[in-house]
>>> print(open('structure38.cif').read())   # mmCIF, C-alpha atoms
data_final
loop_
_atom_site.label_atom_id
_atom_site.label_comp_id
_atom_site.auth_asym_id
_atom_site.auth_seq_id
_atom_site.Cartn_x
_atom_site.Cartn_y
_atom_site.Cartn_z
CA MET A 1 -179.18 8.51 -150.74
CA LYS A 2 -175.39 8.72 -151.11
CA CYS A 3 -175.80 11.20 -153.99
CA PHE A 4 -177.85 13.42 -151.71
CA GLU A 5 -175.25 13.07 -148.94
CA ARG A 6 -172.48 14.20 -151.33
CA ILE A 7 -174.51 17.28 -152.27
CA LEU A 8 -175.09 17.99 -148.59
CA LEU A 9 -171.39 17.51 -147.83
CA ARG A 10 -170.41 20.18 -150.37
CA TYR A 11 -173.03 22.46 -148.84
CA ILE A 12 -171.61 21.90 -145.34
CA ARG A 13 -168.05 22.61 -146.46
CA ASP A 14 -169.10 26.04 -147.70
CA PHE A 15 -169.85 27.04 -144.09
CA ILE A 16 -166.66 25.66 -142.53
CA PRO A 17 -163.85 28.23 -142.07
CA ALA A 18 -160.64 27.21 -143.85
CA ASN A 19 -158.58 27.63 -140.67
CA LEU A 20 -160.92 25.59 -138.44
CA ASP A 21 -158.94 22.88 -136.64
CA SER A 22 -155.85 23.26 -138.83
CA LEU A 23 -154.16 20.28 -137.14
CA GLN A 24 -156.87 17.87 -138.30
CA PHE A 25 -155.39 16.30 -141.44
CA ALA A 26 -158.14 13.86 -142.44
CA TYR A 27 -160.89 14.40 -145.02
CA ARG A 28 -159.56 17.81 -146.06
CA ALA A 29 -158.18 19.10 -149.32
CA ASN A 30 -154.38 19.29 -149.56
CA ARG A 31 -153.92 17.24 -146.37
CA SER A 32 -152.57 13.72 -145.92
CA THR A 33 -150.91 11.36 -143.47
CA GLU A 34 -147.56 12.71 -144.73
CA ASP A 35 -148.50 16.18 -143.51
CA ALA A 36 -149.61 14.89 -140.11
CA VAL A 37 -146.37 12.97 -139.51
CA SER A 38 -144.20 15.79 -140.92
CA ILE A 39 -145.77 18.40 -138.62
CA THR A 40 -145.42 16.07 -135.62
CA LEU A 41 -141.75 15.36 -136.28
CA HIS A 42 -140.89 18.97 -137.18
CA THR A 43 -142.42 20.15 -133.90
CA ALA A 44 -140.38 17.58 -131.95
CA LEU A 45 -137.08 18.03 -133.81
CA THR A 46 -137.22 21.82 -133.58
CA HIS A 47 -137.63 21.64 -129.82
CA LEU A 48 -134.87 19.04 -129.41
CA GLN A 49 -132.30 21.49 -130.80
CA HIS A 50 -132.36 23.35 -127.50
CA PRO A 51 -130.33 22.22 -124.46
CA ASN A 52 -131.87 20.19 -121.64
CA THR A 53 -135.01 19.29 -123.58
CA TYR A 54 -136.91 16.16 -124.52
CA VAL A 55 -140.24 15.25 -126.08
CA ARG A 56 -143.06 13.02 -124.89
CA MET A 57 -145.50 11.83 -127.56
CA LEU A 58 -148.78 10.21 -126.56
CA PHE A 59 -150.51 8.15 -129.25
CA VAL A 60 -154.14 8.04 -128.16
CA ASP A 61 -156.50 5.18 -128.98
CA PHE A 62 -160.27 5.69 -128.79
CA SER A 63 -162.69 2.79 -128.46
CA SER A 64 -165.21 2.81 -131.34
CA ALA A 65 -164.87 6.55 -131.74
CA PHE A 66 -167.37 6.95 -134.59
CA ASN A 67 -170.00 4.89 -132.73
CA THR A 68 -170.01 7.04 -129.59
CA VAL A 69 -170.88 10.44 -131.10
CA ILE A 70 -173.95 11.92 -129.40
CA PRO A 71 -176.12 13.71 -132.01
CA ASP A 72 -177.32 16.43 -129.61
CA LYS A 73 -173.73 17.38 -128.71
CA LEU A 74 -172.80 17.26 -132.39
CA VAL A 75 -175.61 19.66 -133.28
CA LEU A 76 -174.45 22.17 -130.66
CA LYS A 77 -170.95 22.13 -132.13
CA LEU A 78 -172.26 22.47 -135.68
CA LEU A 79 -174.23 25.55 -134.61
CA GLU A 80 -171.07 27.01 -133.04
CA VAL A 81 -169.19 26.50 -136.32
CA GLY A 82 -171.89 28.43 -138.18
CA LEU A 83 -174.04 25.83 -139.91
CA PRO A 84 -177.71 26.80 -140.40
CA ALA A 85 -180.07 25.62 -137.66
CA SER A 86 -182.35 23.85 -140.15
CA LEU A 87 -179.43 21.80 -141.47
CA CYS A 88 -178.29 20.92 -137.94
CA HIS A 89 -181.76 19.70 -137.00
CA TRP A 90 -181.90 17.59 -140.17
CA ILE A 91 -178.56 15.98 -139.25
CA ARG A 92 -179.86 15.17 -135.77
CA ASP A 93 -182.97 13.54 -137.23
CA PHE A 94 -180.78 11.69 -139.72
CA LEU A 95 -178.61 10.17 -136.95
CA THR A 96 -181.34 9.30 -134.41
CA ASN A 97 -184.11 6.70 -134.23
CA ARG A 98 -182.43 4.44 -136.78
CA PRO A 99 -183.56 0.78 -136.53
CA GLN A 100 -180.91 -1.85 -137.24
CA VAL A 101 -181.05 -5.63 -137.55
CA VAL A 102 -178.50 -8.42 -138.00
CA ARG A 103 -178.98 -11.13 -140.64
CA ILE A 104 -177.03 -14.40 -140.45
CA SER A 105 -177.77 -17.37 -142.73
CA GLY A 106 -181.34 -16.29 -143.35
CA SER A 107 -182.05 -15.50 -139.70
CA THR A 108 -182.87 -11.93 -138.72
CA SER A 109 -182.57 -10.45 -135.26
CA SER A 110 -185.18 -8.23 -133.68
CA PRO A 111 -184.70 -4.54 -134.54
CA LEU A 112 -182.69 -2.27 -132.25
CA VAL A 113 -183.14 1.51 -132.40
CA LEU A 114 -179.84 3.45 -132.19
CA ASN A 115 -179.55 7.09 -131.13
CA THR A 116 -175.76 7.45 -130.93
CA GLY A 117 -172.90 7.29 -133.38
CA THR A 118 -172.38 8.21 -137.01
CA LEU A 119 -173.30 5.66 -139.65
CA GLN A 120 -170.71 3.30 -141.10
CA GLY A 121 -170.32 3.84 -144.83
CA CYS A 122 -172.15 7.16 -144.69
CA VAL A 123 -170.62 9.92 -146.82
CA LEU A 124 -171.25 12.51 -144.10
CA SER A 125 -169.77 10.51 -141.19
CA PRO A 126 -166.06 11.47 -141.59
CA ALA A 127 -166.82 15.17 -141.92
CA LEU A 128 -169.26 15.12 -139.00
CA PHE A 129 -166.70 13.39 -136.78
CA THR A 130 -163.97 15.93 -137.57
CA LEU A 131 -166.41 18.74 -136.77
CA PHE A 132 -167.35 16.96 -133.54
CA THR A 133 -163.68 16.89 -132.44
CA HIS A 134 -162.66 20.34 -133.71
CA ASP A 135 -162.52 21.71 -130.15
CA CYS A 136 -160.04 19.05 -129.00
CA VAL A 137 -157.01 21.35 -129.11
CA ALA A 138 -153.95 22.05 -126.98
CA ILE A 139 -154.42 24.36 -124.00
CA HIS A 140 -150.69 25.14 -123.62
CA PRO A 141 -148.35 26.49 -126.34
CA THR A 142 -145.72 23.88 -125.38
CA ASN A 143 -148.08 21.10 -126.49
CA THR A 144 -149.48 20.16 -129.88
CA VAL A 145 -152.49 17.95 -130.62
CA VAL A 146 -152.23 16.41 -134.10
CA LYS A 147 -155.26 14.55 -135.47
CA PHE A 148 -155.98 12.33 -138.43
CA ALA A 149 -159.63 11.35 -138.06
CA ASP A 150 -159.70 9.53 -134.71
CA ASP A 151 -155.91 8.99 -134.59
CA THR A 152 -154.85 11.61 -132.04
CA THR A 153 -151.29 12.40 -130.97
CA VAL A 154 -150.30 14.73 -128.14
CA VAL A 155 -146.76 16.13 -128.51
CA GLY A 156 -145.37 17.55 -125.28
CA LEU A 157 -142.27 19.74 -125.51
CA ILE A 158 -140.46 19.40 -122.17
CA SER A 159 -137.76 21.80 -120.97
CA ASP A 160 -135.71 21.56 -117.77
CA ASN A 161 -137.64 18.41 -116.71
CA ASN A 162 -140.81 20.47 -116.17
CA GLU A 163 -143.72 18.28 -117.31
CA THR A 164 -146.48 20.31 -115.68
CA HIS A 165 -148.06 21.55 -118.91
CA TYR A 166 -147.82 18.14 -120.56
CA ARG A 167 -149.57 16.38 -117.69
CA GLU A 168 -152.22 19.12 -117.52
CA GLU A 169 -152.78 18.58 -121.24
CA ILE A 170 -153.38 14.86 -120.75
CA LEU A 171 -155.77 15.59 -117.87
CA GLN A 172 -157.62 18.07 -120.07
CA LEU A 173 -157.83 15.45 -122.85
CA THR A 174 -159.36 12.85 -120.53
CA GLN A 175 -161.88 15.39 -119.27
CA TRP A 176 -162.76 16.36 -122.84
CA CYS A 177 -163.28 12.69 -123.71
CA SER A 178 -165.60 12.21 -120.73
CA ALA A 179 -167.60 15.30 -121.64
CA ASN A 180 -167.97 14.15 -125.25
CA ASN A 181 -168.74 10.46 -124.60
CA LEU A 182 -165.47 9.27 -126.15
CA VAL A 183 -163.81 6.31 -124.45
CA LEU A 184 -160.03 6.62 -124.16
CA ASN A 185 -158.58 3.10 -124.35
CA THR A 186 -155.63 3.33 -121.97
CA GLY A 187 -154.58 -0.26 -122.70
CA LYS A 188 -153.95 0.53 -126.37
CA THR A 189 -152.69 4.08 -125.83
CA LYS A 190 -148.88 4.22 -126.07
CA GLU A 191 -146.21 6.78 -125.25
CA VAL A 192 -142.84 7.38 -126.91
CA ILE A 193 -140.18 9.53 -125.20
CA VAL A 194 -137.47 11.11 -127.34
CA ASP A 195 -134.56 12.16 -125.13
CA TYR A 196 -131.07 12.68 -126.56
CA ARG A 197 -129.55 14.03 -123.34
CA ARG A 198 -126.47 12.15 -122.21
CA SER A 199 -126.54 13.52 -118.66
CA ARG A 200 -130.06 12.45 -117.73
CA ARG A 201 -130.06 12.07 -113.95
CA THR A 202 -133.43 10.45 -113.20
CA ALA A 203 -135.75 8.08 -115.01
CA HIS A 204 -138.86 9.50 -116.64
CA THR A 205 -141.94 9.39 -114.43
CA PRO A 206 -144.66 7.10 -115.85
CA LEU A 207 -147.80 8.71 -117.23
CA LEU A 208 -151.11 7.80 -115.58
CA ILE A 209 -154.55 8.07 -117.17
CA ASP A 210 -157.45 7.41 -114.78
CA GLY A 211 -155.04 5.65 -112.46
CA GLU A 212 -153.72 3.29 -115.15
CA VAL A 213 -150.09 3.45 -116.31
CA VAL A 214 -149.65 4.19 -120.03
CA GLU A 215 -147.25 1.74 -121.66
CA ARG A 216 -144.00 3.30 -122.88
CA VAL A 217 -142.63 1.85 -126.13
CA ASP A 218 -139.55 2.40 -128.26
CA ASP A 219 -141.31 1.77 -131.58
CA ILE A 220 -144.87 2.50 -132.70
CA LYS A 221 -146.63 2.44 -136.05
CA PHE A 222 -148.06 5.90 -136.65
CA LEU A 223 -150.14 6.50 -139.79
CA GLY A 224 -148.28 3.81 -141.70
CA LEU A 225 -144.75 4.69 -140.53
CA HIS A 226 -142.67 3.22 -137.72
CA ILE A 227 -141.68 5.97 -135.27
CA THR A 228 -138.87 5.08 -132.85
CA SER A 229 -137.67 6.71 -129.64
CA ASP A 230 -134.48 7.95 -131.39
CA LEU A 231 -136.43 9.15 -134.48
CA SER A 232 -134.25 7.03 -136.78
CA TRP A 233 -135.66 5.21 -139.80
CA ASN A 234 -133.91 1.84 -139.63
CA THR A 235 -136.99 -0.03 -138.37
CA ASN A 236 -139.27 1.65 -140.90
CA THR A 237 -136.88 0.97 -143.79
CA SER A 238 -136.45 -2.68 -142.79
CA HIS A 239 -140.22 -3.22 -142.80
CA LEU A 240 -140.62 -1.59 -146.21
CA VAL A 241 -137.74 -3.56 -147.74
CA LYS A 242 -139.06 -6.84 -146.35
CA LYS A 243 -142.56 -6.17 -147.68
CA ALA A 244 -141.25 -5.13 -151.11
CA GLN A 245 -139.01 -8.19 -151.37
CA GLN A 246 -141.99 -10.44 -150.73
CA ARG A 247 -143.74 -8.91 -153.73
CA LEU A 248 -140.73 -9.47 -155.97
CA PHE A 249 -141.75 -13.14 -155.91
CA PHE A 250 -144.97 -12.31 -157.76
CA LEU A 251 -143.08 -10.12 -160.23
CA ARG A 252 -140.88 -13.11 -161.11
CA LYS A 253 -143.95 -15.31 -161.50
CA LEU A 254 -145.48 -12.83 -163.93
CA ARG A 255 -142.30 -12.68 -166.00
CA ARG A 256 -142.20 -16.46 -166.25
CA ALA A 257 -145.82 -16.37 -167.37
CA GLY A 258 -144.72 -14.29 -170.36
CA LEU A 259 -146.14 -10.87 -169.51
CA SER A 260 -144.78 -7.93 -171.50
CA SER A 261 -142.33 -5.45 -169.99
CA ARG A 262 -145.01 -2.77 -170.02
CA LEU A 263 -147.34 -4.84 -167.84
CA LEU A 264 -144.46 -5.84 -165.57
CA VAL A 265 -143.59 -2.17 -165.06
CA ASN A 266 -147.22 -1.42 -164.25
CA PHE A 267 -147.21 -4.19 -161.64
CA TYR A 268 -143.94 -2.90 -160.17
CA ARG A 269 -145.19 0.69 -159.94
CA ALA A 270 -148.48 -0.37 -158.32
CA MET A 271 -147.32 -3.13 -155.97
CA ILE A 272 -143.63 -2.56 -155.16
CA GLU A 273 -142.73 1.07 -155.80
CA SER A 274 -145.85 2.15 -153.90
CA ILE A 275 -144.49 0.30 -150.85
CA LEU A 276 -140.96 1.71 -151.11
CA CYS A 277 -142.28 5.24 -151.55
CA LEU A 278 -144.94 5.18 -148.84
CA ASN A 279 -144.88 8.66 -147.25
CA MET A 280 -141.27 8.95 -148.43
CA THR A 281 -141.13 12.75 -148.14
CA VAL A 282 -141.19 12.23 -144.36
CA TRP A 283 -138.33 9.75 -143.97
CA TYR A 284 -136.24 9.29 -147.12
CA GLY A 285 -134.14 12.45 -146.68
CA SER A 286 -133.08 11.29 -143.21
CA CYS A 287 -132.12 7.75 -144.22
CA THR A 288 -128.55 6.59 -143.74
CA ALA A 289 -126.39 5.49 -146.66
CA LEU A 290 -126.89 1.85 -145.66
CA GLU A 291 -130.68 2.20 -145.58
CA ARG A 292 -130.71 3.83 -149.02
CA LYS A 293 -128.50 1.02 -150.31
CA GLN A 294 -131.03 -1.55 -149.10
CA LEU A 295 -133.88 0.30 -150.82
CA THR A 296 -131.90 0.72 -154.05
CA ARG A 297 -131.08 -3.00 -154.09
CA VAL A 298 -134.81 -3.79 -154.30
CA VAL A 299 -135.23 -1.42 -157.25
CA ARG A 300 -132.25 -2.91 -159.09
CA THR A 301 -133.53 -6.44 -158.52
CA ALA A 302 -136.92 -5.44 -159.93
CA GLN A 303 -135.20 -3.74 -162.85
CA GLY A 304 -133.39 -6.99 -163.70
CA ILE A 305 -136.67 -8.89 -163.62
CA VAL A 306 -138.59 -6.35 -165.71
CA GLY A 307 -135.78 -5.92 -168.24
CA CYS A 308 -136.03 -2.14 -168.64
CA PRO A 309 -135.01 0.97 -166.65
CA LEU A 310 -137.10 1.92 -163.60
CA PRO A 311 -137.29 5.33 -161.84
CA ASP A 312 -134.67 5.67 -159.10
CA LEU A 313 -135.85 6.57 -155.60
CA ASP A 314 -133.73 9.75 -155.38
CA SER A 315 -135.56 11.25 -158.36
CA ILE A 316 -138.95 10.22 -157.05
CA TYR A 317 -138.15 11.75 -153.65
CA THR A 318 -136.97 15.04 -155.15
CA ASP A 319 -140.05 15.35 -157.36
CA ARG A 320 -142.42 14.58 -154.52
CA VAL A 321 -140.76 17.05 -152.15
CA LYS A 322 -141.03 19.84 -154.73
CA LYS A 323 -144.65 19.02 -155.52
CA ARG A 324 -145.65 18.82 -151.86
CA ALA A 325 -143.73 21.97 -150.96
CA GLY A 326 -145.41 23.90 -153.75
CA SER A 327 -148.87 22.82 -152.58
CA ILE A 328 -148.18 23.83 -148.96
CA ALA A 329 -146.61 27.17 -149.92
CA MET A 330 -149.74 28.08 -151.91
CA ASP A 331 -152.18 27.03 -149.15
CA SER A 332 -152.36 29.68 -146.43
CA SER A 333 -154.61 27.46 -144.27
CA HIS A 334 -152.02 24.68 -144.07
CA PRO A 335 -150.19 24.59 -140.70
CA GLY A 336 -146.86 24.26 -142.52
CA HIS A 337 -147.47 27.35 -144.66
CA ARG A 338 -145.91 29.67 -142.06
CA LEU A 339 -142.53 27.98 -142.62
CA PHE A 340 -142.36 29.23 -146.22
CA VAL A 341 -141.26 32.85 -145.74
CA PRO A 342 -139.99 34.60 -148.91
CA LEU A 343 -136.83 36.70 -148.63
CA PRO A 344 -137.15 40.41 -149.48
CA SER A 345 -135.58 39.68 -152.87
CA GLY A 346 -138.36 37.22 -153.65
CA LYS A 347 -135.88 34.80 -155.25
CA ARG A 348 -136.15 32.08 -152.61
CA TYR A 349 -137.58 31.23 -149.22
CA ARG A 350 -135.81 31.91 -145.96
CA ASN A 351 -134.03 28.76 -144.79
CA ILE A 352 -135.27 27.21 -141.58
CA ARG A 353 -132.64 27.56 -138.87
CA THR A 354 -131.23 24.15 -137.99
CA THR A 355 -128.39 23.05 -135.73
CA THR A 356 -128.75 19.27 -136.13
CA ASN A 357 -128.68 17.01 -139.17
CA ARG A 358 -131.85 15.31 -137.94
CA LEU A 359 -133.82 18.51 -138.44
CA ARG A 360 -131.85 19.69 -141.47
CA ASN A 361 -132.63 16.52 -143.43
CA SER A 362 -136.30 16.34 -142.40
CA PHE A 363 -139.13 17.33 -144.71
CA PHE A 364 -139.82 21.01 -144.03
CA PRO A 365 -136.22 22.36 -144.11
CA THR A 366 -135.64 20.30 -147.27
CA ALA A 367 -138.88 21.51 -148.83
CA VAL A 368 -138.08 25.18 -148.15
CA ARG A 369 -134.73 24.77 -149.91
CA ALA A 370 -136.26 22.84 -152.81
CA ILE A 371 -138.55 25.48 -154.31
CA THR A 372 -138.60 29.20 -155.07
CA PRO A 373 -141.53 31.60 -154.56
CA CYS A 374 -143.97 31.98 -157.41
CA ARG A 375 -143.53 35.44 -158.91
CA PRO A 376 -146.61 37.38 -160.02
CA PRO A 377 -146.88 37.80 -163.79
CA LEU A 378 -145.37 40.97 -165.24
CA PRO A 379 -147.90 43.59 -166.35
CA HIS A 380 -148.62 43.59 -170.05
CA ILE A 381 -147.36 46.72 -171.81
CA SER A 382 -149.07 47.45 -175.10
#
>>> encode(input="structure38.cif", output="structure tokens")
Amino acid sequence: MKCFERILLRYIRDFIPANLDSLQFAYRANRSTEDAVSITLHTALTHLQHPNTYVRMLFVDFSSAFNTVIPDKLVLKLLEVGLPASLCHWIRDFLTNRPQVVRISGSTSSPLVLNTGTLQGCVLSPALFTLFTHDCVAIHPTNTVVKFADDTTVVGLISDNNETHYREEILQLTQWCSANNLVLNTGKTKEVIVDYRRSRRTAHTPLLIDGEVVERVDDIKFLGLHITSDLSWNTNTSHLVKKAQQRLFFLRKLRRAGLSSRLLVNFYRAMIESILCLNMTVWYGSCTALERKQLTRVVRTAQGIVGCPLPDLDSIYTDRVKKRAGSIAMDSSHPGHRLFVPLPSGKRYRNIRTTTNRLRNSFFPTAVRAITPCRPPLPHIS
């Protein structure tokens, strides 16, 4: 059945426009958690360059999002996207009238017929969910809704203490959830406020969703990275260093067991370097000298255990930035593609205007400076 689902998934993708829901970064080619976080931070940092501004970021939590999809509503949205009616009806039949039982220690429950939700482990489920939520978009240009599967973040760009559009956006989101049978878990939904103003006169008004106050936090884990209210990377770096240091213990154990340097390097690359370099294009360029020193110390310790040279983090970061920048610059459907604007000479891209080091050292300004436009091949003259 999964082989058939994979064939059907390729067939469905042929009907989906490339620019449909460009801020959904899950289950799509040339998209990743790095892109989702980079776009979110670039949007915030660009706005924070202007005077008397701040940013409110709402990290939304849905309760059992995949299990609450209503097939009839899904079919209507699939028809709007342009999928054939016969295929949409097949998907509805595939998701409805499905009996399920629970088996524990040889005992089997009575069957229960389910008519809502997408199936766990089904190849089609992720794609169907992203199509189901494709119309969850910002209604005001001062807001951005970034999605990675069911992880949804609302970025509100506030100027002159006017939060009208941001609060209307949250109201619209709750109404959209109600209309689409998605349960917004206010207890697990968190808000981070980034405000660098020194002359702030009044405290920020709490955000209410259905009469319940949303908890405001100074640190939240977002797609694997720790985002803080000052957009610094000390907390994130400390967590990565601590986790990597714990795995150095196993590297020492393997060396004492007599493993070769080649196998030790393989273990380091898979278990330690992968931790230190997690989504590093987002945060490494903005690290302080002290934070880089802490990261480098882990690499040098591992190098002493392995007994041979290991790739330094600066080189890895530079290579990854260039590779990621090249992929985005060549993908016109990527939301970051618009930032790669070639100069009339065609020799390089136009630098992104920055007035703060926070923005200058972030991913997109660094990526634009890191690569040059691909020139078309010269015509062959015989």
>>> closest_residue(input="structure38.cif", among="A:Val213, A:Ile272, A:Val55, A:Val265", to="Thr142 (chain A)", atoms="all atoms listed in the file")
A:Val55
>>> closest_residue(input="structure38.cif", among="A:Leu23, A:Ala18, A:Leu225, A:Val155", to="Asn279 (chain A)", atoms="all atoms listed in the file")
A:Leu225
>>> resolve_selection(input="structure38.cif", expression="the PyMOL selection byres ((chain A and resi 71) around 10)", output="PyMOL selection string")
chain A and resi 68-70+72-77+88-89+91-96+115-118+128+132
>>> resolve_selection(input="structure38.cif", expression="the PyMOL selection byres ((chain A and resi 264) around 9)", output="list of chain:residue names")
A:Leu251, A:Leu254, A:Arg255, A:Leu259, A:Ser260, A:Ser261, A:Arg262, A:Leu263, A:Val265, A:Asn266, A:Phe267, A:Tyr268, A:Arg269, A:Ile305, A:Val306
>>> resolve_selection(input="structure38.cif", expression="the PyMOL selection byres ((chain A and resi 240) around 9)", output="VMD selection string")
chain A and resid 235 to 239 241 to 245 275 to 278 295
>>> atom_distance(input="structure38.cif", atom1="CA of Trp90 (chain A)", atom2="CA of Arg13 (chain A)")
16.0 Å
